[in-house]
file work_33.tsv (TSV, C-alpha atoms)
chain	number	residue	atom	x	y	z
A	19	MET	CA	13.71	37.95	-11.91
A	20	TRP	CA	11.18	39.70	-9.69
A	21	ALA	CA	10.30	36.47	-7.87
A	22	GLY	CA	13.98	35.74	-7.32
A	23	MET	CA	14.55	39.24	-5.95
A	24	VAL	CA	11.62	38.95	-3.55
A	25	ALA	CA	12.81	35.53	-2.37
A	26	HIS	CA	16.41	36.57	-1.82
A	27	ASN	CA	15.91	39.97	-0.22
A	28	ASN	CA	13.72	38.45	2.52
A	29	THR	CA	10.61	40.47	1.66
A	30	CYS	CA	8.34	37.47	2.31
A	31	GLY	CA	10.04	36.66	5.60
A	32	VAL	CA	10.03	40.04	7.30
A	33	GLY	CA	8.63	39.64	10.80
A	34	ARG	CA	8.09	35.90	10.37
A	35	SER	CA	9.85	32.85	11.73
A	36	GLN	CA	11.50	31.07	8.81
A	37	ASP	CA	12.67	27.55	8.12
A	38	TRP	CA	15.61	26.80	5.84
A	39	ASN	CA	16.23	23.18	6.91
A	40	SER	CA	15.24	21.77	3.52
A	41	HIS	CA	17.71	24.15	1.88
A	42	ASN	CA	20.47	23.22	4.33
A	43	ILE	CA	19.85	19.53	3.70
A	44	GLU	CA	19.87	20.12	-0.05
A	45	HIS	CA	23.08	22.18	-0.02
A	46	GLU	CA	25.01	19.05	0.91
A	47	LEU	CA	23.53	17.27	-2.13
A	48	SER	CA	24.57	20.11	-4.44
A	49	ALA	CA	28.05	20.14	-2.95
A	50	LEU	CA	28.63	16.39	-3.25
A	51	TYR	CA	26.80	15.64	-6.52
A	52	ASP	CA	27.00	18.99	-8.33
A	53	CYS	CA	23.24	18.98	-8.93
A	54	ALA	CA	21.15	22.11	-9.42
A	55	HIS	CA	19.70	23.53	-6.19
A	56	GLY	CA	16.12	23.32	-7.52
A	57	ALA	CA	16.54	19.69	-8.55
A	58	GLY	CA	17.89	18.86	-5.12
A	59	LEU	CA	15.02	20.69	-3.44
A	60	ALA	CA	12.52	18.71	-5.52
A	61	VAL	CA	13.79	15.56	-3.81
A	62	THR	CA	14.53	17.10	-0.41
A	63	MET	CA	11.40	19.12	0.33
A	64	PRO	CA	8.81	16.31	0.18
A	65	ALA	CA	11.04	14.14	2.41
A	66	VAL	CA	11.49	16.96	4.94
A	67	PHE	CA	7.79	17.83	4.85
A	68	LYS	CA	6.77	14.23	5.56
A	69	TYR	CA	9.27	14.00	8.39
A	70	VAL	CA	8.23	17.20	10.20
A	71	MET	CA	4.55	17.15	9.24
A	72	ASN	CA	3.26	16.05	12.65
A	73	HIS	CA	4.88	19.06	14.33
A	74	ASP	CA	2.01	21.15	12.88
A	75	VAL	CA	-0.16	18.81	10.83
A	76	MET	CA	-2.86	21.42	10.24
A	77	ARG	CA	-0.38	23.71	8.48
A	78	PHE	CA	0.35	20.95	5.98
A	79	ALA	CA	-3.32	19.99	5.69
A	80	LYS	CA	-4.26	23.62	4.91
A	81	VAL	CA	-1.68	23.74	2.11
A	82	ALA	CA	-3.01	20.43	0.78
A	83	VAL	CA	-6.53	21.84	0.59
A	84	ARG	CA	-5.73	25.40	-0.52
A	85	VAL	CA	-2.94	24.70	-2.99
A	86	TRP	CA	-3.42	21.13	-4.17
A	87	GLY	CA	-7.22	20.88	-3.98
A	88	CYS	CA	-7.24	17.94	-1.60
A	89	GLN	CA	-10.39	17.13	0.35
A	90	MET	CA	-10.00	17.88	4.07
A	91	ASP	CA	-10.32	14.85	6.34
A	92	PHE	CA	-11.20	16.56	9.63
A	93	ASP	CA	-11.04	13.28	11.56
A	94	HIS	CA	-7.57	12.50	10.19
A	95	PRO	CA	-5.83	15.71	9.06
A	96	GLU	CA	-2.57	13.79	8.68
A	97	VAL	CA	-4.15	11.92	5.75
A	98	THR	CA	-4.91	15.25	4.06
A	99	ALA	CA	-1.41	16.54	4.81
A	100	LEU	CA	0.24	13.45	3.30
A	101	GLU	CA	-2.00	13.67	0.25
A	102	GLY	CA	-0.89	17.26	-0.26
A	103	ILE	CA	2.79	16.42	0.13
A	104	GLU	CA	2.40	13.62	-2.44
A	105	ALA	CA	0.55	15.98	-4.80
A	106	PHE	CA	3.47	18.42	-4.49
A	107	ARG	CA	5.99	15.64	-5.13
A	108	HIS	CA	4.10	14.37	-8.18
A	109	PHE	CA	3.85	17.90	-9.56
A	110	LEU	CA	7.62	18.30	-9.30
A	111	ILE	CA	8.17	14.99	-11.06
A	112	SER	CA	5.64	15.95	-13.76
A	113	ILE	CA	7.70	19.02	-14.68
A	114	GLY	CA	10.85	16.95	-15.06
A	115	MET	CA	12.40	17.15	-11.60
A	116	PRO	CA	14.24	14.11	-10.23
A	117	GLU	CA	12.24	11.65	-8.17
A	118	ASP	CA	14.84	10.44	-5.69
A	119	LEU	CA	18.45	10.54	-4.53
A	120	GLU	CA	19.55	8.34	-7.42
A	121	GLY	CA	18.04	10.83	-9.85
A	122	LEU	CA	20.50	13.38	-8.46
A	123	GLY	CA	23.42	10.99	-8.87
A	124	GLY	CA	23.34	10.15	-5.16
A	125	LYS	CA	24.09	6.92	-3.35
A	126	ALA	CA	22.78	5.53	-0.08
A	127	GLU	CA	26.33	4.85	1.12
A	128	ASP	CA	27.04	8.60	1.04
A	129	ILE	CA	24.37	9.40	3.66
A	130	PRO	CA	26.71	9.25	6.69
A	131	LYS	CA	29.07	11.73	4.99
A	132	LEU	CA	26.18	14.03	4.04
A	133	VAL	CA	24.84	14.00	7.60
A	134	ASP	CA	28.24	14.55	9.18
A	135	VAL	CA	29.02	17.62	7.08
A	136	LEU	CA	25.45	18.95	7.45
A	137	CYS	CA	25.24	18.63	11.22
A	138	ASN	CA	28.85	19.39	12.16
A	139	GLY	CA	29.88	21.92	9.50
A	140	ASN	CA	29.43	25.70	9.58
A	141	GLY	CA	29.80	25.86	13.36
A	142	ARG	CA	26.91	23.47	14.01
A	143	SER	CA	27.10	21.05	16.91
A	144	GLY	CA	25.18	17.97	15.85
A	145	SER	CA	21.87	19.43	14.65
A	146	ILE	CA	20.22	21.98	12.37
A	147	SER	CA	17.46	24.33	13.50
A	148	GLY	CA	14.30	25.61	11.85
A	149	PHE	CA	10.59	24.78	12.05
A	150	VAL	CA	11.80	21.68	13.88
A	151	THR	CA	15.33	21.12	15.21
A	152	LEU	CA	16.75	18.12	13.38
A	153	THR	CA	19.43	15.90	14.91
A	154	LYS	CA	21.90	13.71	13.02
A	155	GLU	CA	19.46	10.81	13.42
A	156	ASP	CA	16.62	12.90	11.99
A	157	CYS	CA	18.73	14.04	9.04
A	158	THR	CA	19.81	10.44	8.38
A	159	LYS	CA	16.15	9.37	8.23
A	160	ILE	CA	15.31	12.25	5.87
A	161	TYR	CA	18.14	11.37	3.49
A	162	GLN	CA	17.10	7.70	3.64
A	163	ALA	CA	13.55	8.68	2.72
A	164	MET	CA	14.95	10.13	-0.50
A	165	ILE	CA	16.17	6.72	-1.70
call {"tool": "encode", "arguments": {"input": "work_33.tsv", "output": "structure tokens"}}
result
Amino acid sequence: MWAGMVAHNNTCGVGRSQDWNSHNIEHELSALYDCAHGAGLAVTMPAVFKYVMNHDVMRFAKVAVRVWGCQMDFDHPEVTALEGIEAFRHFLISIGMPEDLEGLGGKAEDIPKLVDVLCNGNGRSGSISGFVTLTKEDCTKIYQAMI
């Protein structure tokens, strides 16, 4: 309960730029497939992380080393970053989270509908903003990576 309170009252985000794109992308999955938010995030977050990783590859490489115990490849930090993202994904699967869109009850043919509602709903005009602004094309690629 304490962790939930800290997360939802913005204590960790005070004074910091925040990114909720993975949550926005997942909300459409919960709405269409009635899946639990955490289960949807288990599929969404690794796909989003891989897609935006090169925007700040060292941030992802640091997490890979500090959280997942990956060996830093200083010549190719993107290799370390990808290894960390995969370690995160495999951890989620190991605790019983779904592996892909199908595991949430999703279908590839629903992607255009998901993207349209995501990028045009809630007053949005064709994109969602966060760590990286994601266009309809970007969101389509992220959902496709979940297949």
call {"tool": "residues_around", "arguments": {"input": "work_33.tsv", "residues": "Ser40 of chain A", "least_positions_apart": "3", "cutoff": "8 Å", "atoms": "all atoms listed in the file", "output": "PyMOL selection string"}}
result
chain A and resi 37+43-44+59+62-63+66
call {"tool": "atom_distance", "arguments": {"input": "work_33.tsv", "atom1": "atom CA of Leu50 of chain A", "atom2": "atom CA of Gly139 of chain A"}}
result
14.0 Å
call {"tool": "atom_distance", "arguments": {"input": "work_33.tsv", "atom1": "atom CA of Gly124 of chain A", "atom2": "atom CA of Cys53 of chain A"}}
result
9.6 Å
call {"tool": "atom_distance", "arguments": {"input": "work_33.tsv", "atom1": "atom CA of Leu152 of chain A", "atom2": "atom CA of Ser112 of chain A"}}
result
29.4 Å
call {"tool": "closest_residue", "arguments": {"input": "work_33.tsv", "among": "A:Lys80, A:Tyr69, A:Phe92, A:Glu120", "to": "Asp156 of chain A", "atoms": "all atoms listed in the file"}}
result
A:Tyr69
call {"tool": "residues_around", "arguments": {"input": "work_33.tsv", "residues": "segment 107-109 of chain A", "least_positions_apart": "5", "cutoff": "10 Å", "atoms": "only C-alpha atoms", "output": "PDB file with C-alpha atoms, in the frame of the given file"}}
result
ATOM      1  CA  ALA A  60      12.520  18.710  -5.520  1.00  0.00           C
ATOM      2  CA  VAL A  61      13.790  15.560  -3.810  1.00  0.00           C
ATOM      3  CA  THR A  62      14.530  17.100  -0.410  1.00  0.00           C
ATOM      4  CA  MET A  63      11.400  19.120   0.330  1.00  0.00           C
ATOM      5  CA  PRO A  64       8.810  16.310   0.180  1.00  0.00           C
ATOM      6  CA  ALA A  65      11.040  14.140   2.410  1.00  0.00           C
ATOM      7  CA  TRP A  86      -3.420  21.130  -4.170  1.00  0.00           C
ATOM      8  CA  GLU A 101      -2.000  13.670   0.250  1.00  0.00           C
ATOM      9  CA  GLY A 102      -0.890  17.260  -0.260  1.00  0.00           C
ATOM     10  CA  GLY A 114      10.850  16.950 -15.060  1.00  0.00           C
ATOM     11  CA  MET A 115      12.400  17.150 -11.600  1.00  0.00           C
ATOM     12  CA  PRO A 116      14.240  14.110 -10.230  1.00  0.00           C
ATOM     13  CA  GLU A 117      12.240  11.650  -8.170  1.00  0.00           C
TER      14      GLU A 117
END
call {"tool": "closest_residue", "arguments": {"input": "work_33.tsv", "among": "A:Arg77, A:Arg142, A:Lys131, A:Lys68", "to": "Phe106 of chain A", "atoms": "only C-alpha atoms"}}
result
A:Lys68
call {"tool": "residues_around", "arguments": {"input": "work_33.tsv", "residues": "Tyr51 of chain A", "least_positions_apart": "2", "cutoff": "7 Å", "atoms": "all atoms listed in the file", "output": "list in words"}}
result
Leu47, Ser48, Ala49, Cys53, Leu122, Gly123 and Gly124 of chain A
call {"tool": "closest_residue", "arguments": {"input": "work_33.tsv", "among": "A:Ala54, A:Leu136, A:Val150, A:Val83", "to": "Ile103 of chain A", "atoms": "only C-alpha atoms"}}
result
A:Val83
call {"tool": "closest_residue", "arguments": {"input": "work_33.tsv", "among": "A:Phe67, A:Ser145, A:Arg84, A:Glu46", "to": "Glu96 of chain A", "atoms": "all atoms listed in the file"}}
result
A:Phe67
call {"tool": "closest_residue", "arguments": {"input": "work_33.tsv", "among": "A:Ser35, A:Thr29, A:Asp134, A:Trp20", "to": "Ser147 of chain A", "atoms": "only C-alpha atoms"}}
result
A:Ser35
